[in-house]
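One file, structure11.cif, carrying mmCIF, C-alpha atoms, pLDDT in the B column; chains and numbers go by the auth columns:
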data_coords
#
loop_
_atom_site.group_PDB
_atom_site.id
_atom_site.type_symbol
_atom_site.label_atom_id
_atom_site.label_comp_id
_atom_site.label_asym_id
_atom_site.label_seq_id
_atom_site.Cartn_x
_atom_site.Cartn_y
_atom_site.Cartn_z
_atom_site.B_iso_or_equiv
_atom_site.auth_seq_id
_atom_site.auth_asym_id
ATOM 1 C CA SER A 1 13.398 10.577 10.640 81.00 125 A
ATOM 2 C CA GLN A 2 12.958 7.992 7.938 84.00 126 A
ATOM 3 C CA THR A 3 12.271 8.999 4.350 90.00 127 A
ATOM 4 C CA ILE A 4 11.789 7.075 1.144 94.00 128 A
ATOM 5 C CA HIS A 5 12.668 8.391 -2.276 95.00 129 A
ATOM 6 C CA GLN A 6 11.392 6.980 -5.526 96.00 130 A
ATOM 7 C CA TRP A 7 12.094 8.194 -9.019 92.00 131 A
ATOM 8 C CA PRO A 8 11.236 9.085 -11.682 93.00 132 A
ATOM 9 C CA ALA A 9 7.684 10.239 -10.983 94.00 133 A
ATOM 10 C CA THR A 10 6.517 9.723 -14.558 96.00 134 A
ATOM 11 C CA LEU A 11 7.947 7.646 -17.362 97.00 135 A
ATOM 12 C CA VAL A 12 6.851 6.943 -20.923 97.00 136 A
ATOM 13 C CA GLN A 13 8.740 4.120 -22.593 97.00 137 A
ATOM 14 C CA PRO A 14 8.345 2.312 -25.933 98.00 138 A
ATOM 15 C CA VAL A 15 7.581 -1.395 -26.062 97.00 139 A
ATOM 16 C CA GLY A 16 10.781 -3.434 -26.012 97.00 140 A
ATOM 17 C CA SER A 17 12.847 -0.805 -24.202 97.00 141 A
ATOM 18 C CA PRO A 18 14.599 -1.469 -20.866 97.00 142 A
ATOM 19 C CA LEU A 19 13.398 -0.175 -17.507 97.00 143 A
ATOM 20 C CA SER A 20 15.109 0.844 -14.306 96.00 144 A
ATOM 21 C CA LEU A 21 13.212 2.313 -11.350 97.00 145 A
ATOM 22 C CA GLU A 22 15.101 3.197 -8.211 96.00 146 A
ATOM 23 C CA CYS A 23 14.054 3.482 -4.593 97.00 147 A
ATOM 24 C CA THR A 24 16.168 4.540 -1.634 97.00 148 A
ATOM 25 C CA VAL A 25 15.401 4.755 2.063 96.00 149 A
ATOM 26 C CA GLU A 26 17.079 7.081 4.562 94.00 150 A
ATOM 27 C CA GLY A 27 17.180 7.066 8.334 91.00 151 A
ATOM 28 C CA THR A 28 16.897 3.337 8.991 88.00 152 A
ATOM 29 C CA SER A 29 19.009 0.219 8.677 89.00 153 A
ATOM 30 C CA ASN A 30 18.195 -3.173 7.199 91.00 154 A
ATOM 31 C CA PRO A 31 14.648 -2.274 6.191 92.00 155 A
ATOM 32 C CA ASN A 32 12.299 -4.709 4.507 92.00 156 A
ATOM 33 C CA LEU A 33 11.711 -3.361 0.996 95.00 157 A
ATOM 34 C CA TYR A 34 8.814 -3.938 -1.379 95.00 158 A
ATOM 35 C CA TRP A 35 7.821 -3.210 -4.984 96.00 159 A
ATOM 36 C CA TYR A 36 4.117 -3.010 -5.771 96.00 160 A
ATOM 37 C CA ARG A 37 2.208 -2.350 -8.966 95.00 161 A
ATOM 38 C CA GLN A 38 -1.207 -0.748 -9.038 93.00 162 A
ATOM 39 C CA ALA A 39 -3.346 -0.800 -12.167 84.00 163 A
ATOM 40 C CA ALA A 40 -5.855 2.025 -12.628 77.00 164 A
ATOM 41 C CA GLY A 41 -8.702 1.675 -10.114 71.00 165 A
ATOM 42 C CA ARG A 42 -7.281 -1.556 -8.772 76.00 166 A
ATOM 43 C CA GLY A 43 -5.568 -2.759 -5.635 87.00 167 A
ATOM 44 C CA LEU A 44 -1.902 -3.269 -4.874 92.00 168 A
ATOM 45 C CA GLN A 45 -0.114 -6.201 -6.438 91.00 169 A
ATOM 46 C CA LEU A 46 3.056 -7.243 -4.619 93.00 170 A
ATOM 47 C CA LEU A 47 5.833 -7.837 -7.148 94.00 171 A
ATOM 48 C CA PHE A 48 8.993 -8.303 -5.076 95.00 172 A
ATOM 49 C CA TYR A 49 10.142 -8.022 -1.506 93.00 173 A
ATOM 50 C CA SER A 50 13.555 -8.094 0.124 94.00 174 A
ATOM 51 C CA VAL A 51 14.671 -8.671 3.705 91.00 175 A
ATOM 52 C CA GLY A 52 18.346 -7.950 3.048 92.00 176 A
ATOM 53 C CA ILE A 53 21.073 -7.208 0.492 93.00 177 A
ATOM 54 C CA GLY A 54 20.866 -9.646 -2.398 90.00 178 A
ATOM 55 C CA GLN A 55 17.776 -11.349 -0.949 93.00 179 A
ATOM 56 C CA ILE A 56 14.861 -11.002 -3.341 93.00 180 A
ATOM 57 C CA SER A 57 11.566 -12.872 -3.317 91.00 181 A
ATOM 58 C CA SER A 58 9.304 -12.756 -6.344 90.00 182 A
ATOM 59 C CA GLU A 59 5.583 -12.935 -5.914 86.00 183 A
ATOM 60 C CA VAL A 60 4.463 -12.927 -9.520 81.00 184 A
ATOM 61 C CA PRO A 61 6.401 -14.449 -12.456 66.00 185 A
ATOM 62 C CA GLN A 62 6.623 -11.817 -15.154 78.00 186 A
ATOM 63 C CA ASN A 63 8.758 -9.582 -17.269 88.00 187 A
ATOM 64 C CA LEU A 64 10.304 -7.755 -14.307 94.00 188 A
ATOM 65 C CA SER A 65 13.200 -8.328 -11.931 95.00 189 A
ATOM 66 C CA ALA A 66 14.440 -6.645 -8.782 96.00 190 A
ATOM 67 C CA SER A 67 17.796 -6.149 -7.147 96.00 191 A
ATOM 68 C CA ARG A 68 19.055 -4.809 -3.849 97.00 192 A
ATOM 69 C CA PRO A 69 22.698 -3.825 -4.343 95.00 193 A
ATOM 70 C CA GLN A 70 22.880 -1.835 -1.102 95.00 194 A
ATOM 71 C CA ASP A 71 21.065 -2.027 2.222 95.00 195 A
ATOM 72 C CA ARG A 72 18.729 0.873 1.492 95.00 196 A
ATOM 73 C CA GLN A 73 18.505 0.694 -2.291 96.00 197 A
ATOM 74 C CA PHE A 74 15.943 -1.303 -4.242 97.00 198 A
ATOM 75 C CA ILE A 75 15.816 -1.376 -8.028 97.00 199 A
ATOM 76 C CA LEU A 76 13.082 -2.634 -10.335 97.00 200 A
ATOM 77 C CA SER A 77 14.183 -3.569 -13.837 96.00 201 A
ATOM 78 C CA SER A 78 13.065 -5.001 -17.120 96.00 202 A
ATOM 79 C CA LYS A 79 15.092 -5.913 -20.189 95.00 203 A
ATOM 80 C CA LYS A 80 12.167 -5.478 -22.591 96.00 204 A
ATOM 81 C CA LEU A 81 8.970 -3.719 -21.607 96.00 205 A
ATOM 82 C CA LEU A 82 5.549 -4.988 -22.632 95.00 206 A
ATOM 83 C CA LEU A 83 2.362 -2.955 -22.979 94.00 207 A
ATOM 84 C CA SER A 84 1.001 -4.846 -19.972 92.00 208 A
ATOM 85 C CA ASP A 85 3.806 -3.432 -17.806 94.00 209 A
ATOM 86 C CA SER A 86 2.054 -0.063 -17.745 94.00 210 A
ATOM 87 C CA GLY A 87 0.885 0.945 -14.296 94.00 211 A
ATOM 88 C CA PHE A 88 1.676 2.798 -11.115 96.00 212 A
ATOM 89 C CA TYR A 89 4.740 1.373 -9.370 97.00 213 A
ATOM 90 C CA LEU A 90 5.201 1.868 -5.660 97.00 214 A
ATOM 91 C CA CYS A 91 8.170 1.184 -3.446 97.00 215 A
ATOM 92 C CA ALA A 92 7.663 0.701 0.291 95.00 216 A
ATOM 93 C CA TRP A 93 9.700 -0.107 3.379 93.00 217 A
ATOM 94 C CA SER A 94 8.956 -1.528 6.807 90.00 218 A
ATOM 95 C CA ALA A 95 10.958 -2.049 9.975 86.00 219 A
ATOM 96 C CA PRO A 96 12.631 -5.456 10.087 79.00 220 A
ATOM 97 C CA THR A 97 11.915 -6.332 13.710 68.00 221 A
ATOM 98 C CA GLY A 98 10.540 -4.966 16.927 56.00 222 A
ATOM 99 C CA GLY A 99 7.311 -3.049 16.671 58.00 223 A
ATOM 100 C CA PHE A 100 5.142 -2.993 13.613 65.00 224 A
ATOM 101 C CA TYR A 101 3.810 0.189 12.164 72.00 225 A
ATOM 102 C CA GLY A 102 2.910 -0.884 8.696 84.00 226 A
ATOM 103 C CA TYR A 103 4.571 0.136 5.485 91.00 227 A
ATOM 104 C CA THR A 104 5.740 3.537 4.361 92.00 228 A
ATOM 105 C CA PHE A 105 5.263 4.081 0.663 95.00 229 A
ATOM 106 C CA GLY A 106 7.136 6.220 -1.800 96.00 230 A
ATOM 107 C CA SER A 107 5.373 8.688 -4.052 95.00 231 A
ATOM 108 C CA GLY A 108 5.196 6.237 -6.945 96.00 232 A
ATOM 109 C CA THR A 109 6.227 6.077 -10.603 96.00 233 A
ATOM 110 C CA ARG A 110 3.575 6.210 -13.281 96.00 234 A
ATOM 111 C CA LEU A 111 4.851 4.086 -16.173 96.00 235 A
ATOM 112 C CA THR A 112 3.192 4.184 -19.569 96.00 236 A
ATOM 113 C CA VAL A 113 4.457 1.745 -22.177 96.00 237 A
ATOM 114 C CA VAL A 114 3.597 2.850 -25.702 97.00 238 A
ATOM 115 C CA GLN B 1 -11.520 -16.457 -2.245 79.00 179 B
ATOM 116 C CA LYS B 2 -9.389 -13.493 -1.279 86.00 180 B
ATOM 117 C CA GLU B 3 -8.033 -13.265 2.242 92.00 181 B
ATOM 118 C CA VAL B 4 -9.272 -9.670 2.501 95.00 182 B
ATOM 119 C CA GLU B 5 -12.458 -8.428 0.848 95.00 183 B
ATOM 120 C CA GLN B 6 -13.192 -4.750 0.383 94.00 184 B
ATOM 121 C CA ASP B 7 -15.987 -3.182 -1.651 87.00 185 B
ATOM 122 C CA PRO B 8 -14.270 -1.058 -4.334 84.00 186 B
ATOM 123 C CA GLY B 9 -17.149 1.411 -4.559 86.00 187 B
ATOM 124 C CA PRO B 10 -17.120 4.067 -5.834 92.00 188 B
ATOM 125 C CA LEU B 11 -18.794 5.735 -2.871 95.00 189 B
ATOM 126 C CA SER B 12 -20.114 9.273 -3.230 97.00 190 B
ATOM 127 C CA VAL B 13 -21.423 11.256 -0.244 97.00 191 B
ATOM 128 C CA PRO B 14 -22.315 14.899 0.486 98.00 192 B
ATOM 129 C CA GLU B 15 -20.050 17.015 2.618 98.00 193 B
ATOM 130 C CA GLY B 16 -20.730 16.520 6.321 98.00 194 B
ATOM 131 C CA ALA B 17 -21.941 12.937 5.970 98.00 195 B
ATOM 132 C CA ILE B 18 -20.719 10.066 8.118 98.00 196 B
ATOM 133 C CA VAL B 19 -18.806 7.591 5.989 97.00 197 B
ATOM 134 C CA SER B 20 -18.436 3.911 6.811 97.00 198 B
ATOM 135 C CA LEU B 21 -15.764 1.868 5.056 97.00 199 B
ATOM 136 C CA ASN B 22 -15.440 -1.843 5.706 97.00 200 B
ATOM 137 C CA CYS B 23 -13.319 -4.912 5.133 97.00 201 B
ATOM 138 C CA THR B 24 -13.843 -8.556 5.921 97.00 202 B
ATOM 139 C CA TYR B 25 -11.105 -11.133 6.206 97.00 203 B
ATOM 140 C CA SER B 26 -10.780 -14.872 6.502 95.00 204 B
ATOM 141 C CA ASN B 27 -7.425 -15.379 8.244 93.00 205 B
ATOM 142 C CA SER B 28 -8.015 -15.625 11.988 92.00 206 B
ATOM 143 C CA ALA B 29 -4.278 -15.075 12.591 91.00 207 B
ATOM 144 C CA PHE B 30 -4.509 -11.405 11.585 92.00 208 B
ATOM 145 C CA GLN B 31 -4.020 -9.128 14.563 90.00 209 B
ATOM 146 C CA TYR B 32 -2.528 -5.923 13.114 91.00 210 B
ATOM 147 C CA PHE B 33 -5.038 -3.801 11.217 94.00 211 B
ATOM 148 C CA MET B 34 -4.398 -0.657 9.258 94.00 212 B
ATOM 149 C CA TRP B 35 -6.152 1.838 7.057 97.00 213 B
ATOM 150 C CA TYR B 36 -4.295 3.672 4.330 97.00 214 B
ATOM 151 C CA ARG B 37 -5.466 6.725 2.416 97.00 215 B
ATOM 152 C CA GLN B 38 -4.320 7.207 -1.158 96.00 216 B
ATOM 153 C CA TYR B 39 -4.870 10.417 -3.052 95.00 217 B
ATOM 154 C CA SER B 40 -4.915 10.292 -6.825 91.00 218 B
ATOM 155 C CA ARG B 41 -1.441 9.745 -8.312 89.00 219 B
ATOM 156 C CA LYS B 42 0.157 9.515 -4.852 93.00 220 B
ATOM 157 C CA GLY B 43 1.478 6.706 -2.703 95.00 221 B
ATOM 158 C CA PRO B 44 -0.732 5.353 0.128 96.00 222 B
ATOM 159 C CA GLU B 45 -0.212 6.926 3.540 95.00 223 B
ATOM 160 C CA LEU B 46 -0.955 5.266 6.866 94.00 224 B
ATOM 161 C CA LEU B 47 -4.104 6.731 8.392 95.00 225 B
ATOM 162 C CA MET B 48 -5.015 4.471 11.313 93.00 226 B
ATOM 163 C CA TYR B 49 -3.326 1.546 13.038 89.00 227 B
ATOM 164 C CA THR B 50 -4.994 -0.889 15.449 90.00 228 B
ATOM 165 C CA TYR B 51 -3.691 -3.921 17.230 87.00 229 B
ATOM 166 C CA SER B 52 -6.169 -6.714 17.986 86.00 230 B
ATOM 167 C CA SER B 53 -9.800 -5.851 18.725 85.00 231 B
ATOM 168 C CA GLY B 54 -11.415 -2.619 19.808 86.00 232 B
ATOM 169 C CA ASN B 55 -11.797 0.966 18.707 91.00 233 B
ATOM 170 C CA LYS B 56 -9.328 3.717 18.055 94.00 234 B
ATOM 171 C CA GLU B 57 -10.215 7.334 17.479 96.00 235 B
ATOM 172 C CA ASP B 58 -8.160 10.081 15.877 95.00 236 B
ATOM 173 C CA GLY B 59 -10.004 13.321 15.260 97.00 237 B
ATOM 174 C CA ARG B 60 -12.803 12.681 12.782 98.00 238 B
ATOM 175 C CA PHE B 61 -11.608 9.116 12.122 98.00 239 B
ATOM 176 C CA THR B 62 -12.542 5.998 14.106 97.00 240 B
ATOM 177 C CA ALA B 63 -11.212 2.517 13.382 97.00 241 B
ATOM 178 C CA GLN B 64 -13.057 -0.521 14.705 96.00 242 B
ATOM 179 C CA VAL B 65 -11.949 -4.140 14.748 96.00 243 B
ATOM 180 C CA ASP B 66 -14.282 -7.048 15.474 94.00 244 B
ATOM 181 C CA LYS B 67 -12.119 -10.157 15.416 93.00 245 B
ATOM 182 C CA SER B 68 -15.024 -12.448 16.280 93.00 246 B
ATOM 183 C CA SER B 69 -16.728 -11.426 13.046 94.00 247 B
ATOM 184 C CA LYS B 70 -13.483 -10.892 11.123 95.00 248 B
ATOM 185 C CA TYR B 71 -14.682 -7.424 10.220 95.00 249 B
ATOM 186 C CA ILE B 72 -12.994 -4.033 10.386 97.00 250 B
ATOM 187 C CA SER B 73 -14.414 -0.582 9.781 97.00 251 B
ATOM 188 C CA LEU B 74 -13.267 2.977 9.314 98.00 252 B
ATOM 189 C CA PHE B 75 -15.713 5.753 10.146 98.00 253 B
ATOM 190 C CA ILE B 76 -15.237 9.324 8.976 98.00 254 B
ATOM 191 C CA ARG B 77 -17.356 11.935 10.740 98.00 255 B
ATOM 192 C CA ASP B 78 -18.193 15.308 9.222 98.00 256 B
ATOM 193 C CA SER B 79 -16.643 14.257 5.924 98.00 257 B
ATOM 194 C CA GLN B 80 -14.852 16.927 3.905 98.00 258 B
ATOM 195 C CA PRO B 81 -14.037 17.212 0.185 98.00 259 B
ATOM 196 C CA SER B 82 -10.384 16.769 1.200 97.00 260 B
ATOM 197 C CA ASP B 83 -11.289 13.247 2.369 98.00 261 B
ATOM 198 C CA SER B 84 -11.901 12.261 -1.261 97.00 262 B
ATOM 199 C CA ALA B 85 -9.407 9.472 -1.875 96.00 263 B
ATOM 200 C CA THR B 86 -9.084 5.712 -2.092 95.00 264 B
ATOM 201 C CA TYR B 87 -9.028 3.970 1.273 97.00 265 B
ATOM 202 C CA LEU B 88 -7.243 0.642 1.583 96.00 266 B
ATOM 203 C CA CYS B 89 -7.466 -1.698 4.523 96.00 267 B
ATOM 204 C CA ALA B 90 -4.432 -3.815 5.361 94.00 268 B
ATOM 205 C CA MET B 91 -3.663 -6.456 7.944 92.00 269 B
ATOM 206 C CA SER B 92 -1.008 -8.910 9.091 89.00 270 B
ATOM 207 C CA GLY B 93 -0.578 -11.727 11.521 86.00 271 B
ATOM 208 C CA THR B 94 2.632 -10.910 13.316 77.00 272 B
ATOM 209 C CA SER B 95 5.001 -8.032 13.803 68.00 273 B
ATOM 210 C CA GLY B 96 7.273 -7.866 10.774 66.00 274 B
ATOM 211 C CA SER B 97 5.164 -10.091 8.552 75.00 275 B
ATOM 212 C CA ARG B 98 3.884 -8.912 5.225 84.00 276 B
ATOM 213 C CA LEU B 99 0.698 -6.931 4.926 89.00 277 B
ATOM 214 C CA THR B 100 -2.318 -8.220 3.040 92.00 278 B
ATOM 215 C CA PHE B 101 -4.222 -5.367 1.398 94.00 279 B
ATOM 216 C CA GLY B 102 -7.830 -4.955 0.385 95.00 280 B
ATOM 217 C CA GLU B 103 -8.622 -3.692 -3.111 93.00 281 B
ATOM 218 C CA GLY B 104 -9.428 -0.200 -1.835 94.00 282 B
ATOM 219 C CA THR B 105 -12.659 1.832 -1.761 95.00 283 B
ATOM 220 C CA GLN B 106 -12.818 5.008 -3.822 95.00 284 B
ATOM 221 C CA LEU B 107 -14.557 7.776 -1.864 96.00 285 B
ATOM 222 C CA THR B 108 -15.770 11.119 -3.197 97.00 286 B
ATOM 223 C CA VAL B 109 -17.105 13.786 -0.827 98.00 287 B
ATOM 224 C CA ASN B 110 -19.124 16.354 -2.732 97.00 288 B
ATOM 225 C CA PRO B 111 -19.199 19.971 -1.517 96.00 289 B
#
Go ahead and express the file in the form of structure tokens.
Amino acid sequence: SQTIHQWPATLVQPVGSPLSLECTVEGTSNPNLYWYRQAAGRGLQLLFYSVGIGQISSEVPQNLSASRPQDRQFILSSKKLLLSDSGFYLCAWSAPTGGFYGYTFGSGTRLTVV
Amino acid sequence: QKEVEQDPGPLSVPEGAIVSLNCTYSNSAFQYFMWYRQYSRKGPELLMYTYSSGNKEDGRFTAQVDKSSKYISLFIRDSQPSDSATYLCAMSGTSGSRLTFGEGTQLTVNP
């Protein structure tokens, strides 16, 4: 069966520090991968999505970047965090073709920038 | 105007009540409709999935889609405190296309 792993679960970082959040998927090949951010009490904001290795689409211009170095690995990064980067970050995957069953989300990373 | 509108609540009901959660949308191309449940500090999990119009029932949960009105609903019968969560609707036009999410409705079921 397919599983998605996201870590760390909680992170407290000072302003100006770098960020690296990692997400991996098991049990499927060539998944579509997504990074979302969710502010407290708010909806999901799509940050990046990827349909293949090295293929990244950005939805919102900001202080963050994403990379997909391997088929089932998706990384969210920042060189210098801002206070406004605080939030709940979620990784998700979906099947690339043939049948659509929505997204499967990871357990999330709660980032607090201080 | 957002493509998907969902009342954020919060909604508070007594245990045993029937809960109705709703979303409206503007894109007539949407044909895949989903409801996700998100507990506090957790990732959303898929609760119900419906293709095109009609009803789908799963235990205490019923999902309805009315494409003519561009309106979808999730009904929870005999609500339980464990149903307390944020419920997000989501929809897409074609298989494999990206989902468009509502803002989510925060539900609290009081014992």
Going by the chain IDs and residue numbers used in this file, which residues fall under the PyMOL selection byres ((chain A) within 10 of (chain B))? Write them as number ranges by chain. A: 133, 156, 158, 162, 164-170, 173, 212-216, 218-234
List the residues selected by the PyMOL selection byres ((chain B and resi 260) around 10) in the file shown, writing them as an MDAnalysis selection string. chainID B and resid 193 217 257:259 261:263 286:289
Emit the selected residues as a PDB file, in the coordinates of the input, including C-alpha atoms.
ATOM      1  CA  GLU B 193     -20.050  17.015   2.618  1.00 98.00           C
ATOM      2  CA  TYR B 217      -4.870  10.417  -3.052  1.00 95.00           C
ATOM      3  CA  SER B 257     -16.643  14.257   5.924  1.00 98.00           C
ATOM      4  CA  GLN B 258     -14.852  16.927   3.905  1.00 98.00           C
ATOM      5  CA  PRO B 259     -14.037  17.212   0.185  1.00 98.00           C
ATOM      6  CA  ASP B 261     -11.289  13.247   2.369  1.00 98.00           C
ATOM      7  CA  SER B 262     -11.901  12.261  -1.261  1.00 97.00           C
ATOM      8  CA  ALA B 263      -9.407   9.472  -1.875  1.00 96.00           C
ATOM      9  CA  THR B 286     -15.770  11.119  -3.197  1.00 97.00           C
ATOM     10  CA  VAL B 287     -17.105  13.786  -0.827  1.00 98.00           C
ATOM     11  CA  ASN B 288     -19.124  16.354  -2.732  1.00 97.00           C
ATOM     12  CA  PRO B 289     -19.199  19.971  -1.517  1.00 96.00           C
TER      13      PRO B 289
END
Rank nothing, just name the residue among B:Gly271, B:Val243, B:Leu225, B:Lys180 nearest to B:Tyr203, using only C-alpha atoms.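 Once distances to B:Tyr203 are computed over only C-alpha atoms, the minimum belongs to B:Lys180.
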Report, in Å to a single decimal, how far apart atom CA of A:Leu157 and atom CA of A:Ile199 are.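 A separation of 10.1 Å between them.
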Quick one: pull the distance between atom CA of B:Asn205 and atom CA of B:Gln179, Å, one decimal.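 Computed distance, atom CA of B:Asn205 to atom CA of B:Gln179, equals 11.3 Å.
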Separation of atom CA of B:Arg215 from atom CA of A:Ile180 in Å: 27.6 Å
At a cut-off of 9 Å, using all atoms listed in the file, what residues contact stretch 135-150 of chain A? Leave out same-chain residues fewer than 5 positions from it and give the result as number ranges by chain. A: 125-130, 155, 157, 188, 195-207, 213, 215-217, 230, 233-238
Which one of B:Arg255, B:Asn233, B:Arg238, B:Glu183 sits closest to B:Thr202 if you count only C-alpha atoms?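 The shortest atom-to-atom distance to B:Thr202 comes from B:Glu183.
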Care to translate the PyMOL selection byres ((chain B and resi 246-252) around 7) into actual residues of this file, as a VMD selection string? chain B and resid 198 to 204 239 to 245 253 to 254
Hey, could you pull the box centre and edge lengths for stretch 128-136 of chain A, axis-aligned, 3 Å padding per side, all listed atoms, to one decimal in Å, as JSON?
{"center_x": 9.6, "center_y": 8.6, "center_z": -9.9, "size_x": 12.2, "size_y": 9.3, "size_z": 28.1}
